[in-house]
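Undergrad: Below: one structure in structure tokens.
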Amino acid sequence: MAAPTETLDDTQASPSDASTNATEALEASANGNTVTGQGGYGHNHSATREPVSDWISDFDHIDPHYAAHAPEIWDQLRQECPVAYSNRYGGTWLPVRHAEVCAIAKDTDTFSSQGVVVNDGRPEIPAPVGFAPPITSDPPFHRIAREFLLPAFAPKPIEAKRESTRQTCRELLDELLVDVEAGRSNIVDAALGYTQHIPVRVIADMLGVPRSDGEQFRVFIHQIMEDPATGIEVDYEDSIDHYLDKLIEQRAQEPRNDLISHMTQATIDGQPLEHEHVQGTCALLIIAGVDTTWSSIGASLWHMAQHPEHRQRWISDPEVRPFAVEEFLRFYAPVTMARLVAKDSEFAGQSMQANDWVLLPFPAANRDPEAFEDAGEFIIDRRRNRHVAFGLGIHRCLGSNLARLELTVALEEWMARVPDFELADPDSVTWSTGQIRGPRKLPLRIVGPLADSRV
Ligand code: HEM
């Protein structure tokens with residue numbers, strides 16, 4: 001079954017959410033030109049940027065218009081110039097076809113991961129290690145930084161988290177629906193009350209910290225995401241750096257069965273990992289695992305709110321659910337990463353200079369008609385769906401098993417309890433923009449009765 005093409009209109013993207021996201025800040029921190037009062041996090045985007053004059057020669061991925069109309073902009077660029085260039089951020093390229101996005105992701109000699117989020121600066125912590133291993137690491141160090149994390153994210157240990165994740169979703173729904181069940185209201189905010197909490201609690205369990213600390217992660221992410229124009233000052237005592245410093249020291253002295261203890265015990269060539277390495281990887285897991293999954297669950301519920309036929313299909317046909325999850329990932333892929341050009345190069349007929357940025361819009365690759373039949377349509381039971389929402393090549397998402405599990409369980413539990421809902425007011429939905437994109441406020445009106453049934 002095919003649904004009409006989805007695009008966002010301007011009213012659904014909030015300019016107030018347009019300038020920041022956590023990963024931007026993570027990267028800017030790596031660039032060393034940030035507000036150290038924020039525990040080393042923060043970023044250096046100018047508060048205001050000139051509006052885009054032309055998407056081929058002057059694009060800006062943090063422009064609110066890009067958030068609202070990205071699929072149309074990609075379509076235009078695919079026709080007119082498959083790799084666009086802008087002078088912004090000291091020189092930035094934007095490939096939009098599946099072929100170029102994939103070629104860049106695979107060519108780690110020419111395109112370095114030393115910088116993965118575009119901003120005005122350039123990283124001070126050089127490749128191959130980078131600020132947040134393994135995502136900011138190049139070969140050969142990348143393999144070392146990734147390998148010792150792999151066992152924790154393999155299918156079997158992740159599958160073991162299914163029931164606790166389900167329990168988390170049920171508890172959140174119980175809290176969220178109190179007023180609805182009491183007949184006091186039929187409107188809930190799914191982003192604030194549901195989607196944002198799920199990955200935070202899951203990653204707290206993995207890192208081996210109390211779930212109540214998980215709430216603190218959201219404060220850190222909020223600090224990181226604060227509008228640069230009003231940039232909040234955060235004392236070291238209140239920062240993520242301080243939080244992680246304390247925790248790493250505790251686990252180094254009294255190891256437990258958790259990921260942080262595992263990292264404090266790991267060795268490279270017989271040497272323990274540098275403190276900065278452990279800290280950077282922990283911060284990466286908190287940020288890479290939270291904003292992304294939160295975005296993905298939220299975008300899926302946003303879609304369901306507007307498509308009763310897809311809600312019906314999900315409920316009546318359990319076999320369609322794995323296909324629907326993949327189509328949500330393809331169609332609403334939340335993550336665009338970046339690379340830095342490592343050396344002057346010719347690519348796709350363009351002359352790229354060392355230290356230029358290259359955006360890697362995996363969401364654009366997922367909408368390329370050369371790679372997908374009816375690429376602009378959401379097809380809930382799409383069979384052939386080799387999307388690149390999780391990237392590809394050596395940096396392919398380490399958390400993809402976990403992300404799929406969280407997205408599936410979050411949707412299963414929501415749909416089992418709240419089968420009928422719609423957008424309460426499309427104008428009050430806000431979306432983050434920049435390199436990780438998803439709904440940050442999602443008021444939904446519950447239309448029909450709540451269901452007692454659980455999956
Ligand atoms: C829907 C949710 C998610 C999406 C769409 C997503 C997407 C991605 C993408 C596109 C990359 C490749 C980055 C690059 O090429 O530079 C990546 C890398 C990564 N992701 Fe995810 N991610 C998600 C959830 C998670 C979760 C839940 C975790 C862990 C808790 C996680 C941990 C990582 C890590 C550690 C890397 C770096 C891997 C490396 O550099 O070798 N992600 N992710």
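Numbering starts fresh at 1 for the residues of each chain in the structure tokens, the chains themselves are lettered A, B, ... in the order given, and ligands are numbered from 1 as they appear.
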Using only C-alpha atoms and all ligand atoms, determine which residues fall within 6 Å of ligand 1, then list them as a PDB file with N, CA and C atoms, in the first residue's frame.
TA:
ATOM      1  N   PRO A 134      34.576   5.926  18.702  1.00  0.00           N
ATOM      2  CA  PRO A 134      35.188   5.758  17.386  1.00  0.00           C
ATOM      3  C   PRO A 134      34.634   6.692  16.302  1.00  0.00           C
ATOM      4  N   ILE A 135      33.602   7.513  16.616  1.00  0.00           N
ATOM      5  CA  ILE A 135      32.941   8.220  15.513  1.00  0.00           C
ATOM      6  C   ILE A 135      33.871   9.267  14.903  1.00  0.00           C
ATOM      7  N   ARG A 146      36.533   0.859  18.025  1.00  0.00           N
ATOM      8  CA  ARG A 146      35.208   0.276  17.807  1.00  0.00           C
ATOM      9  C   ARG A 146      35.126  -1.149  18.333  1.00  0.00           C
ATOM     10  N   LEU A 285      28.167   7.860  23.400  1.00  0.00           N
ATOM     11  CA  LEU A 285      27.053   6.910  23.538  1.00  0.00           C
ATOM     12  C   LEU A 285      25.805   7.609  24.058  1.00  0.00           C
ATOM     13  N   ALA A 288      24.880  10.056  20.902  1.00  0.00           N
ATOM     14  CA  ALA A 288      24.523   9.342  19.652  1.00  0.00           C
ATOM     15  C   ALA A 288      23.331   8.432  19.852  1.00  0.00           C
ATOM     16  N   GLY A 289      23.160   7.929  21.083  1.00  0.00           N
ATOM     17  CA  GLY A 289      22.077   6.979  21.325  1.00  0.00           C
ATOM     18  C   GLY A 289      20.766   7.648  21.674  1.00  0.00           C
ATOM     19  N   THR A 292      19.129  10.604  18.376  1.00  0.00           N
ATOM     20  CA  THR A 292      18.801   9.874  17.155  1.00  0.00           C
ATOM     21  C   THR A 292      17.531   9.040  17.323  1.00  0.00           C
ATOM     22  N   THR A 293      17.507   8.241  18.392  1.00  0.00           N
ATOM     23  CA  THR A 293      16.389   7.313  18.585  1.00  0.00           C
ATOM     24  C   THR A 293      15.126   8.080  18.956  1.00  0.00           C
ATOM     25  N   SER A 296      13.722   9.357  15.810  1.00  0.00           N
ATOM     26  CA  SER A 296      13.148   8.327  14.969  1.00  0.00           C
ATOM     27  C   SER A 296      11.772   7.877  15.479  1.00  0.00           C
ATOM     28  N   ALA A 333      14.836   9.147   8.070  1.00  0.00           N
ATOM     29  CA  ALA A 333      16.194   8.975   8.598  1.00  0.00           C
ATOM     30  C   ALA A 333      16.623  10.268   9.293  1.00  0.00           C
ATOM     31  N   PRO A 334      16.999  10.192  10.576  1.00  0.00           N
ATOM     32  CA  PRO A 334      17.248  11.438  11.301  1.00  0.00           C
ATOM     33  C   PRO A 334      18.684  11.977  11.203  1.00  0.00           C
ATOM     34  N   VAL A 335      19.633  11.156  10.730  1.00  0.00           N
ATOM     35  CA  VAL A 335      21.047  11.531  10.921  1.00  0.00           C
ATOM     36  C   VAL A 335      21.760  11.892   9.610  1.00  0.00           C
ATOM     37  N   MET A 337      25.610  12.971   8.775  1.00  0.00           N
ATOM     38  CA  MET A 337      26.943  13.147   9.360  1.00  0.00           C
ATOM     39  C   MET A 337      27.794  13.993   8.417  1.00  0.00           C
ATOM     40  N   ALA A 389      20.011   4.628   6.587  1.00  0.00           N
ATOM     41  CA  ALA A 389      19.757   5.469   7.761  1.00  0.00           C
ATOM     42  C   ALA A 389      20.850   5.300   8.815  1.00  0.00           C
ATOM     43  N   PHE A 390      21.453   4.110   8.874  1.00  0.00           N
ATOM     44  CA  PHE A 390      22.510   3.858   9.863  1.00  0.00           C
ATOM     45  C   PHE A 390      23.902   4.070   9.272  1.00  0.00           C
ATOM     46  N   GLY A 391      23.987   4.703   8.111  1.00  0.00           N
ATOM     47  CA  GLY A 391      25.278   4.911   7.483  1.00  0.00           C
ATOM     48  C   GLY A 391      25.769   3.621   6.849  1.00  0.00           C
ATOM     49  N   ILE A 394      32.931   1.702   7.512  1.00  0.00           N
ATOM     50  CA  ILE A 394      33.488   1.361   8.829  1.00  0.00           C
ATOM     51  C   ILE A 394      32.764   2.037   9.982  1.00  0.00           C
ATOM     52  N   HIS A 395      32.104   3.169   9.729  1.00  0.00           N
ATOM     53  CA  HIS A 395      31.426   3.877  10.819  1.00  0.00           C
ATOM     54  C   HIS A 395      29.948   3.508  10.944  1.00  0.00           C
ATOM     55  N   ARG A 396      29.516   2.482  10.190  1.00  0.00           N
ATOM     56  CA  ARG A 396      28.089   2.142  10.259  1.00  0.00           C
ATOM     57  C   ARG A 396      27.668   2.027  11.722  1.00  0.00           C
ATOM     58  N   CYS A 397      26.457   2.522  11.990  1.00  0.00           N
ATOM     59  CA  CYS A 397      25.989   2.669  13.369  1.00  0.00           C
ATOM     60  C   CYS A 397      26.232   1.425  14.226  1.00  0.00           C
ATOM     61  N   LEU A 398      26.908   1.649  15.339  1.00  0.00           N
ATOM     62  CA  LEU A 398      27.192   0.572  16.281  1.00  0.00           C
ATOM     63  C   LEU A 398      25.928   0.192  17.047  1.00  0.00           C
ATOM     64  N   GLY A 399      25.014   1.135  17.157  1.00  0.00           N
ATOM     65  CA  GLY A 399      23.816   0.907  17.978  1.00  0.00           C
ATOM     66  C   GLY A 399      22.589   0.518  17.165  1.00  0.00           C
ATOM     67  N   SER A 400      22.777   0.033  15.910  1.00  0.00           N
ATOM     68  CA  SER A 400      21.596  -0.188  15.053  1.00  0.00           C
ATOM     69  C   SER A 400      20.670  -1.278  15.606  1.00  0.00           C
ATOM     70  N   LEU A 402      20.155  -1.968  18.720  1.00  0.00           N
ATOM     71  CA  LEU A 402      19.452  -1.342  19.844  1.00  0.00           C
ATOM     72  C   LEU A 402      18.410  -0.342  19.346  1.00  0.00           C
ATOM     73  N   ALA A 403      18.791   0.449  18.335  1.00  0.00           N
ATOM     74  CA  ALA A 403      17.869   1.458  17.813  1.00  0.00           C
ATOM     75  C   ALA A 403      16.620   0.792  17.237  1.00  0.00           C
TER      76      ALA A 403
END
Undergrad: List every residue of segment 166-399 of chain A that DSSP, applied to the backbone, labels as strand (DSSP E), and write the result as a VMD selection string.
TA: chain A and resid 187 to 189 267 to 268 271 to 272 336 to 341 345 to 347 350 to 352 357 to 361
Undergrad: Next, dump the selected residues to file, keeping only C-alpha atoms, as a JSON list (two decimals), in the first residue's frame.
TA:
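out04.json was written with the following content:
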[["chain", "number", "residue", "atom", "x", "y", "z"],
["A", 187, "ILE", "CA", -4.11, 15.80, 24.57],
["A", 188, "VAL", "CA", -0.61, 14.51, 25.41],
["A", 189, "ASP", "CA", 2.85, 15.54, 24.24],
["A", 267, "THR", "CA", 43.68, -2.15, 27.11],
["A", 268, "ILE", "CA", 45.27, -1.11, 23.83],
["A", 271, "GLN", "CA", 48.03, -0.02, 28.03],
["A", 272, "PRO", "CA", 44.77, 1.13, 29.67],
["A", 336, "THR", "CA", 23.25, 13.53, 8.53],
["A", 337, "MET", "CA", 26.94, 13.15, 9.36],
["A", 338, "ALA", "CA", 29.90, 15.05, 7.93],
["A", 339, "ARG", "CA", 33.51, 14.51, 6.92],
["A", 340, "LEU", "CA", 36.53, 16.75, 6.45],
["A", 341, "VAL", "CA", 38.38, 16.56, 3.13],
["A", 345, "SER", "CA", 40.93, 15.96, -4.34],
["A", 346, "GLU", "CA", 38.79, 15.68, -7.43],
["A", 347, "PHE", "CA", 35.42, 14.12, -6.63],
["A", 350, "GLN", "CA", 34.45, 18.95, -8.33],
["A", 351, "SER", "CA", 37.77, 20.20, -6.93],
["A", 352, "MET", "CA", 37.65, 19.80, -3.19],
["A", 357, "TRP", "CA", 33.45, 20.05, 5.01],
["A", 358, "VAL", "CA", 31.37, 17.42, 3.22],
["A", 359, "LEU", "CA", 27.88, 16.74, 4.54],
["A", 360, "LEU", "CA", 26.74, 13.12, 4.31],
["A", 361, "PRO", "CA", 22.96, 13.33, 4.10]]
Undergrad: By how many Å are atom CA of Ser239 of chain A and atom CA of Ala410 of chain A apart?
TA: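 Computing it gives 29.6 Å between the two atoms.
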Undergrad: From a backbone DSSP assignment, name each residue in segment 48-251 of chain A labelled helix (DSSP H, G or I), as a short mmCIF file (atom, residue, chain, number, x, y, z; two decimals) with N, CA and C atoms, in the first residue's frame.
TA:
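Okay, this is what ended up in states12.cif:
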data_model
loop_
_atom_site.label_atom_id
_atom_site.label_comp_id
_atom_site.auth_asym_id
_atom_site.auth_seq_id
_atom_site.Cartn_x
_atom_site.Cartn_y
_atom_site.Cartn_z
N PRO A 64 16.09 27.14 8.54
CA PRO A 64 14.78 26.52 8.79
C PRO A 64 14.10 26.04 7.51
N HIS A 65 14.37 26.71 6.41
CA HIS A 65 13.75 26.29 5.15
C HIS A 65 14.26 24.90 4.73
N TYR A 66 15.52 24.62 5.06
CA TYR A 66 16.08 23.29 4.73
C TYR A 66 15.34 22.22 5.52
N ALA A 67 15.08 22.51 6.81
CA ALA A 67 14.36 21.53 7.62
C ALA A 67 12.97 21.29 7.05
N ALA A 68 12.35 22.36 6.61
CA ALA A 68 10.96 22.25 6.17
C ALA A 68 10.85 21.62 4.79
N HIS A 69 11.86 21.82 3.94
CA HIS A 69 11.72 21.43 2.53
C HIS A 69 12.88 20.58 2.01
N ALA A 70 13.62 19.95 2.91
CA ALA A 70 14.81 19.22 2.45
C ALA A 70 14.53 18.26 1.30
N PRO A 71 13.48 17.42 1.35
CA PRO A 71 13.30 16.48 0.23
C PRO A 71 13.15 17.19 -1.11
N GLU A 72 12.46 18.35 -1.13
CA GLU A 72 12.34 19.08 -2.41
C GLU A 72 13.68 19.66 -2.83
N ILE A 73 14.45 20.15 -1.85
CA ILE A 73 15.77 20.71 -2.18
C ILE A 73 16.67 19.60 -2.75
N TRP A 74 16.65 18.41 -2.13
CA TRP A 74 17.46 17.31 -2.66
C TRP A 74 17.04 16.96 -4.08
N ASP A 75 15.71 16.94 -4.33
CA ASP A 75 15.22 16.61 -5.68
C ASP A 75 15.78 17.61 -6.69
N GLN A 76 15.72 18.89 -6.32
CA GLN A 76 16.21 19.93 -7.22
C GLN A 76 17.71 19.75 -7.46
N LEU A 77 18.47 19.54 -6.38
CA LEU A 77 19.92 19.41 -6.53
C LEU A 77 20.30 18.17 -7.33
N ARG A 78 19.55 17.08 -7.13
CA ARG A 78 19.84 15.86 -7.89
C ARG A 78 19.74 16.11 -9.39
N GLN A 79 18.77 16.95 -9.78
CA GLN A 79 18.60 17.27 -11.20
C GLN A 79 19.71 18.19 -11.69
N GLU A 80 20.03 19.20 -10.88
CA GLU A 80 20.85 20.31 -11.40
C GLU A 80 22.33 20.18 -11.09
N ARG A 88 29.84 28.73 3.13
CA ARG A 88 29.58 28.77 4.56
C ARG A 88 30.46 27.76 5.30
N TYR A 89 30.70 28.05 6.57
CA TYR A 89 31.50 27.18 7.46
C TYR A 89 32.90 26.92 6.89
N GLY A 90 33.41 27.89 6.14
CA GLY A 90 34.76 27.73 5.59
C GLY A 90 34.80 26.78 4.41
N HIS A 98 22.51 8.87 -3.82
CA HIS A 98 22.91 7.67 -3.08
C HIS A 98 24.36 7.29 -3.44
N ALA A 99 24.68 7.36 -4.75
CA ALA A 99 26.00 6.89 -5.20
C ALA A 99 27.13 7.69 -4.55
N GLU A 100 27.02 9.03 -4.55
CA GLU A 100 28.11 9.85 -4.00
C GLU A 100 28.17 9.75 -2.47
N VAL A 101 26.99 9.73 -1.83
CA VAL A 101 26.99 9.64 -0.35
C VAL A 101 27.71 8.35 0.07
N CYS A 102 27.39 7.25 -0.63
CA CYS A 102 28.00 5.97 -0.26
C CYS A 102 29.50 5.96 -0.59
N ALA A 103 29.87 6.54 -1.74
CA ALA A 103 31.29 6.55 -2.12
C ALA A 103 32.11 7.32 -1.08
N ILE A 104 31.58 8.43 -0.60
CA ILE A 104 32.31 9.24 0.38
C ILE A 104 32.44 8.48 1.70
N ALA A 105 31.33 7.86 2.13
CA ALA A 105 31.36 7.13 3.40
C ALA A 105 32.41 6.01 3.37
N LYS A 106 32.64 5.45 2.17
CA LYS A 106 33.58 4.33 2.08
C LYS A 106 35.03 4.79 1.92
N PHE A 141 43.28 3.57 13.86
CA PHE A 141 42.84 3.60 15.25
C PHE A 141 41.35 3.28 15.38
N HIS A 142 40.57 3.66 14.36
CA HIS A 142 39.12 3.45 14.43
C HIS A 142 38.75 2.02 14.82
N ARG A 143 39.43 1.06 14.20
CA ARG A 143 39.08 -0.34 14.44
C ARG A 143 39.26 -0.71 15.91
N ILE A 144 40.35 -0.20 16.49
CA ILE A 144 40.64 -0.50 17.90
C ILE A 144 39.55 0.11 18.79
N ALA A 145 39.20 1.36 18.48
CA ALA A 145 38.22 2.07 19.31
C ALA A 145 36.84 1.45 19.20
N ARG A 146 36.53 0.86 18.03
CA ARG A 146 35.21 0.28 17.81
C ARG A 146 35.13 -1.15 18.33
N GLU A 147 36.24 -1.88 18.14
CA GLU A 147 36.19 -3.33 18.37
C GLU A 147 35.82 -3.68 19.80
N LEU A 150 32.08 -3.58 20.40
CA LEU A 150 31.17 -4.42 19.61
C LEU A 150 30.39 -5.46 20.43
N PRO A 151 31.04 -6.20 21.34
CA PRO A 151 30.28 -7.26 22.03
C PRO A 151 29.03 -6.72 22.74
N ALA A 152 29.13 -5.53 23.31
CA ALA A 152 27.98 -4.99 24.06
C ALA A 152 26.80 -4.67 23.15
N PHE A 153 27.07 -4.44 21.84
CA PHE A 153 25.99 -4.04 20.92
C PHE A 153 25.60 -5.15 19.95
N PRO A 155 23.76 -8.64 18.48
CA PRO A 155 22.32 -8.96 18.55
C PRO A 155 21.88 -9.62 19.86
N LYS A 156 22.66 -10.57 20.38
CA LYS A 156 22.19 -11.33 21.55
C LYS A 156 22.06 -10.45 22.81
N PRO A 157 23.11 -9.74 23.20
CA PRO A 157 22.94 -8.88 24.40
C PRO A 157 21.89 -7.79 24.22
N ILE A 158 21.71 -7.33 22.98
CA ILE A 158 20.69 -6.29 22.76
C ILE A 158 19.29 -6.91 22.87
N GLU A 159 19.13 -8.10 22.31
CA GLU A 159 17.82 -8.78 22.39
C GLU A 159 17.42 -8.97 23.86
N ARG A 162 15.01 -6.46 25.46
CA ARG A 162 13.67 -6.21 24.91
C ARG A 162 12.62 -6.04 26.03
N GLU A 163 12.62 -6.96 27.00
CA GLU A 163 11.55 -6.89 28.01
C GLU A 163 11.69 -5.68 28.92
N SER A 164 12.95 -5.32 29.27
CA SER A 164 13.11 -4.14 30.14
C SER A 164 12.73 -2.87 29.36
N THR A 165 13.00 -2.86 28.05
CA THR A 165 12.61 -1.71 27.23
C THR A 165 11.08 -1.62 27.16
N ARG A 166 10.44 -2.78 27.02
CA ARG A 166 8.98 -2.81 26.97
C ARG A 166 8.39 -2.29 28.29
N GLN A 167 8.99 -2.73 29.38
CA GLN A 167 8.54 -2.28 30.70
C GLN A 167 8.67 -0.76 30.82
N THR A 168 9.81 -0.25 30.33
CA THR A 168 10.03 1.21 30.36
C THR A 168 8.92 1.92 29.59
N CYS A 169 8.58 1.43 28.41
CA CYS A 169 7.55 2.07 27.60
C CYS A 169 6.21 2.02 28.32
N ARG A 170 5.91 0.91 28.94
CA ARG A 170 4.62 0.78 29.65
C ARG A 170 4.55 1.76 30.81
N GLU A 171 5.66 1.87 31.55
CA GLU A 171 5.65 2.81 32.68
C GLU A 171 5.44 4.24 32.19
N LEU A 172 6.12 4.57 31.09
CA LEU A 172 5.98 5.93 30.55
C LEU A 172 4.55 6.19 30.09
N LEU A 173 3.96 5.21 29.45
CA LEU A 173 2.57 5.39 28.99
C LEU A 173 1.62 5.52 30.17
N ASP A 174 1.85 4.72 31.23
CA ASP A 174 1.00 4.84 32.43
C ASP A 174 1.02 6.28 32.94
N GLU A 175 2.25 6.85 33.01
CA GLU A 175 2.37 8.24 33.51
C GLU A 175 1.72 9.22 32.54
N LEU A 176 2.00 9.02 31.25
CA LEU A 176 1.54 9.98 30.24
C LEU A 176 0.01 10.04 30.16
N VAL A 178 -2.31 9.40 32.50
CA VAL A 178 -3.08 9.56 33.74
C VAL A 178 -4.29 10.47 33.52
N ASP A 179 -4.05 11.65 32.93
CA ASP A 179 -5.15 12.61 32.76
C ASP A 179 -6.17 12.13 31.73
N VAL A 180 -5.67 11.40 30.73
CA VAL A 180 -6.60 10.90 29.71
C VAL A 180 -7.52 9.86 30.36
N GLU A 181 -6.93 8.99 31.15
CA GLU A 181 -7.74 7.93 31.78
C GLU A 181 -8.74 8.51 32.76
N ALA A 190 3.69 13.63 22.99
CA ALA A 190 4.39 12.36 22.84
C ALA A 190 5.90 12.53 22.86
N ALA A 191 6.41 13.68 22.43
CA ALA A 191 7.87 13.89 22.44
C ALA A 191 8.35 14.13 23.87
N LEU A 192 7.66 15.01 24.56
CA LEU A 192 8.11 15.37 25.91
C LEU A 192 7.79 14.28 26.92
N GLY A 193 6.67 13.57 26.72
CA GLY A 193 6.24 12.61 27.72
C GLY A 193 6.61 11.17 27.41
N TYR A 194 7.05 10.90 26.20
CA TYR A 194 7.28 9.49 25.83
C TYR A 194 8.60 9.30 25.08
N THR A 195 8.68 9.83 23.85
CA THR A 195 9.81 9.44 22.98
C THR A 195 11.18 9.83 23.55
N HIS A 197 12.19 9.99 26.60
CA HIS A 197 12.64 9.26 27.80
C HIS A 197 13.16 7.86 27.49
N ILE A 198 12.69 7.27 26.40
CA ILE A 198 12.99 5.85 26.17
C ILE A 198 14.50 5.62 25.99
N PRO A 199 15.16 6.29 25.02
CA PRO A 199 16.60 6.02 24.85
C PRO A 199 17.44 6.45 26.05
N VAL A 200 16.99 7.47 26.74
CA VAL A 200 17.75 7.94 27.91
C VAL A 200 17.79 6.84 28.98
N ARG A 201 16.65 6.22 29.22
CA ARG A 201 16.61 5.17 30.25
C ARG A 201 17.38 3.93 29.81
N VAL A 202 17.27 3.61 28.51
CA VAL A 202 17.97 2.43 28.01
C VAL A 202 19.49 2.61 28.12
N ILE A 203 19.99 3.77 27.77
CA ILE A 203 21.45 3.97 27.80
C ILE A 203 21.95 4.07 29.25
N ALA A 204 21.11 4.59 30.14
CA ALA A 204 21.48 4.61 31.56
C ALA A 204 21.73 3.19 32.05
N ASP A 205 20.83 2.26 31.66
CA ASP A 205 21.01 0.85 32.06
C ASP A 205 22.33 0.31 31.50
N MET A 206 22.62 0.63 30.23
CA MET A 206 23.83 0.07 29.61
C MET A 206 25.09 0.60 30.26
N LEU A 207 25.06 1.89 30.60
CA LEU A 207 26.27 2.47 31.21
C LEU A 207 26.39 2.06 32.67
N ARG A 211 18.66 4.72 36.70
CA ARG A 211 17.79 5.35 35.70
C ARG A 211 17.49 6.80 36.07
N SER A 212 17.51 7.07 37.39
CA SER A 212 17.25 8.46 37.80
C SER A 212 18.36 9.39 37.29
N ASP A 213 19.58 8.85 37.10
CA ASP A 213 20.65 9.67 36.49
C ASP A 213 20.35 9.95 35.03
N GLY A 214 19.55 9.06 34.44
CA GLY A 214 19.20 9.22 33.03
C GLY A 214 18.53 10.56 32.79
N GLU A 215 17.76 11.00 33.79
CA GLU A 215 17.11 12.31 33.66
C GLU A 215 18.17 13.41 33.53
N GLN A 216 19.30 13.20 34.25
CA GLN A 216 20.40 14.16 34.19
C GLN A 216 20.97 14.26 32.76
N PHE A 217 20.95 13.14 32.04
CA PHE A 217 21.47 13.16 30.66
C PHE A 217 20.69 14.18 29.84
N ARG A 218 19.37 14.19 30.09
CA ARG A 218 18.56 15.11 29.30
C ARG A 218 18.91 16.56 29.64
N VAL A 219 19.28 16.78 30.91
CA VAL A 219 19.72 18.12 31.29
C VAL A 219 21.01 18.46 30.54
N PHE A 220 21.95 17.49 30.49
CA PHE A 220 23.21 17.73 29.76
C PHE A 220 22.91 18.03 28.29
N ILE A 221 22.03 17.21 27.72
CA ILE A 221 21.73 17.40 26.30
C ILE A 221 21.05 18.76 26.11
N HIS A 222 20.21 19.12 27.05
CA HIS A 222 19.55 20.42 26.97
C HIS A 222 20.60 21.54 27.08
N GLN A 223 21.56 21.38 28.00
CA GLN A 223 22.63 22.39 28.12
C GLN A 223 23.35 22.52 26.79
N ILE A 224 23.62 21.37 26.21
CA ILE A 224 24.38 21.36 24.95
C ILE A 224 23.55 22.00 23.84
N MET A 225 22.24 21.79 23.93
CA MET A 225 21.37 22.26 22.84
C MET A 225 20.92 23.70 23.01
N TYR A 236 31.63 23.69 35.91
CA TYR A 236 32.17 22.35 35.70
C TYR A 236 31.40 21.33 36.56
N GLU A 237 31.06 21.71 37.81
CA GLU A 237 30.36 20.79 38.72
C GLU A 237 29.03 20.30 38.14
N ASP A 238 28.43 21.12 37.29
CA ASP A 238 27.12 20.74 36.74
C ASP A 238 27.23 20.16 35.33
N ILE A 240 28.54 17.63 32.01
CA ILE A 240 28.67 16.20 31.66
C ILE A 240 30.11 15.73 31.90
N ASP A 241 31.09 16.62 31.68
CA ASP A 241 32.49 16.23 31.92
C ASP A 241 32.69 15.83 33.38
N HIS A 242 32.16 16.66 34.28
CA HIS A 242 32.31 16.37 35.70
C HIS A 242 31.60 15.06 36.05
N TYR A 243 30.39 14.90 35.53
CA TYR A 243 29.60 13.69 35.78
C TYR A 243 30.39 12.46 35.34
N LEU A 244 30.97 12.52 34.14
CA LEU A 244 31.69 11.35 33.62
C LEU A 244 33.02 11.15 34.34
N ASP A 245 33.71 12.25 34.66
CA ASP A 245 34.98 12.12 35.39
C ASP A 245 34.78 11.32 36.69
N LYS A 246 33.74 11.70 37.43
CA LYS A 246 33.45 11.04 38.72
C LYS A 246 33.14 9.56 38.50
N LEU A 247 32.28 9.32 37.53
CA LEU A 247 31.81 7.97 37.29
C LEU A 247 32.95 7.05 36.83
N ILE A 248 33.80 7.57 35.95
CA ILE A 248 34.90 6.76 35.42
C ILE A 248 35.87 6.41 36.55
N GLU A 249 36.10 7.39 37.42
CA GLU A 249 37.00 7.13 38.55
C GLU A 249 36.41 6.05 39.47
N GLN A 250 35.11 6.19 39.77
CA GLN A 250 34.45 5.19 40.63
C GLN A 250 34.55 3.80 40.03
N ARG A 251 34.25 3.69 38.74
CA ARG A 251 34.22 2.36 38.10
C ARG A 251 35.63 1.79 37.95
#
Undergrad: Pick out the residues sitting within 7 Å of segment 262-266 of chain A, and hand them over as number ranges by chain; count only C-alpha atoms, and ignore anything fewer than 4 positions along from it in its own chain.
TA: A: 252, 258, 272-273, 278
Undergrad: Which residues are near Gly280 of chain A? Cut-off 7 Å, only C-alpha atoms, ignore same chain within fewer than 5 positions. Put them as a list of chain:residue names.
TA: A:Phe131, A:Ala132, A:Pro133
Undergrad: So that I can check the surroundings of Arg382 of chain A, please list as a ChimeraX atom specification every protein, DNA and RNA residue that reaches within 8 Å of it, counting only C-alpha atoms and ignoring chain neighbours fewer than 4 positions away.
TA: /A:323-324,327
Undergrad: For Pro308 of chain A, list every protein, DNA or RNA residue within 10 Å, evaluated using only C-alpha atoms, and leave out those in the same chain fewer than 5 positions away; present the list as a VMD selection string.
TA: chain A and resid 303 313 to 314 419 to 422
Undergrad: Any chance you can output those residues with N, CA and C atoms as a short mmCIF file (atom, residue, chain, number, x, y, z; two decimals), in the first residue's frame?
TA:
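Listed below is the output, again12.cif:
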data_model
loop_
_atom_site.label_atom_id
_atom_site.label_comp_id
_atom_site.auth_asym_id
_atom_site.auth_seq_id
_atom_site.Cartn_x
_atom_site.Cartn_y
_atom_site.Cartn_z
N HIS A 303 4.06 10.56 11.82
CA HIS A 303 3.50 9.98 10.59
C HIS A 303 2.18 9.25 10.90
N ARG A 313 -3.28 -0.73 9.65
CA ARG A 313 -2.48 -1.84 9.11
C ARG A 313 -1.53 -2.38 10.17
N TRP A 314 -0.91 -1.47 10.93
CA TRP A 314 0.02 -1.88 12.00
C TRP A 314 -0.71 -2.77 13.00
N PRO A 419 -4.50 3.37 20.08
CA PRO A 419 -4.62 3.02 18.66
C PRO A 419 -5.05 4.16 17.76
N ASP A 420 -5.74 5.17 18.33
CA ASP A 420 -6.30 6.23 17.48
C ASP A 420 -5.91 7.61 17.98
N PHE A 421 -5.19 8.34 17.15
CA PHE A 421 -4.72 9.67 17.56
C PHE A 421 -4.43 10.50 16.34
N GLU A 422 -4.38 11.82 16.56
CA GLU A 422 -4.10 12.74 15.44
C GLU A 422 -3.27 13.90 15.99
#
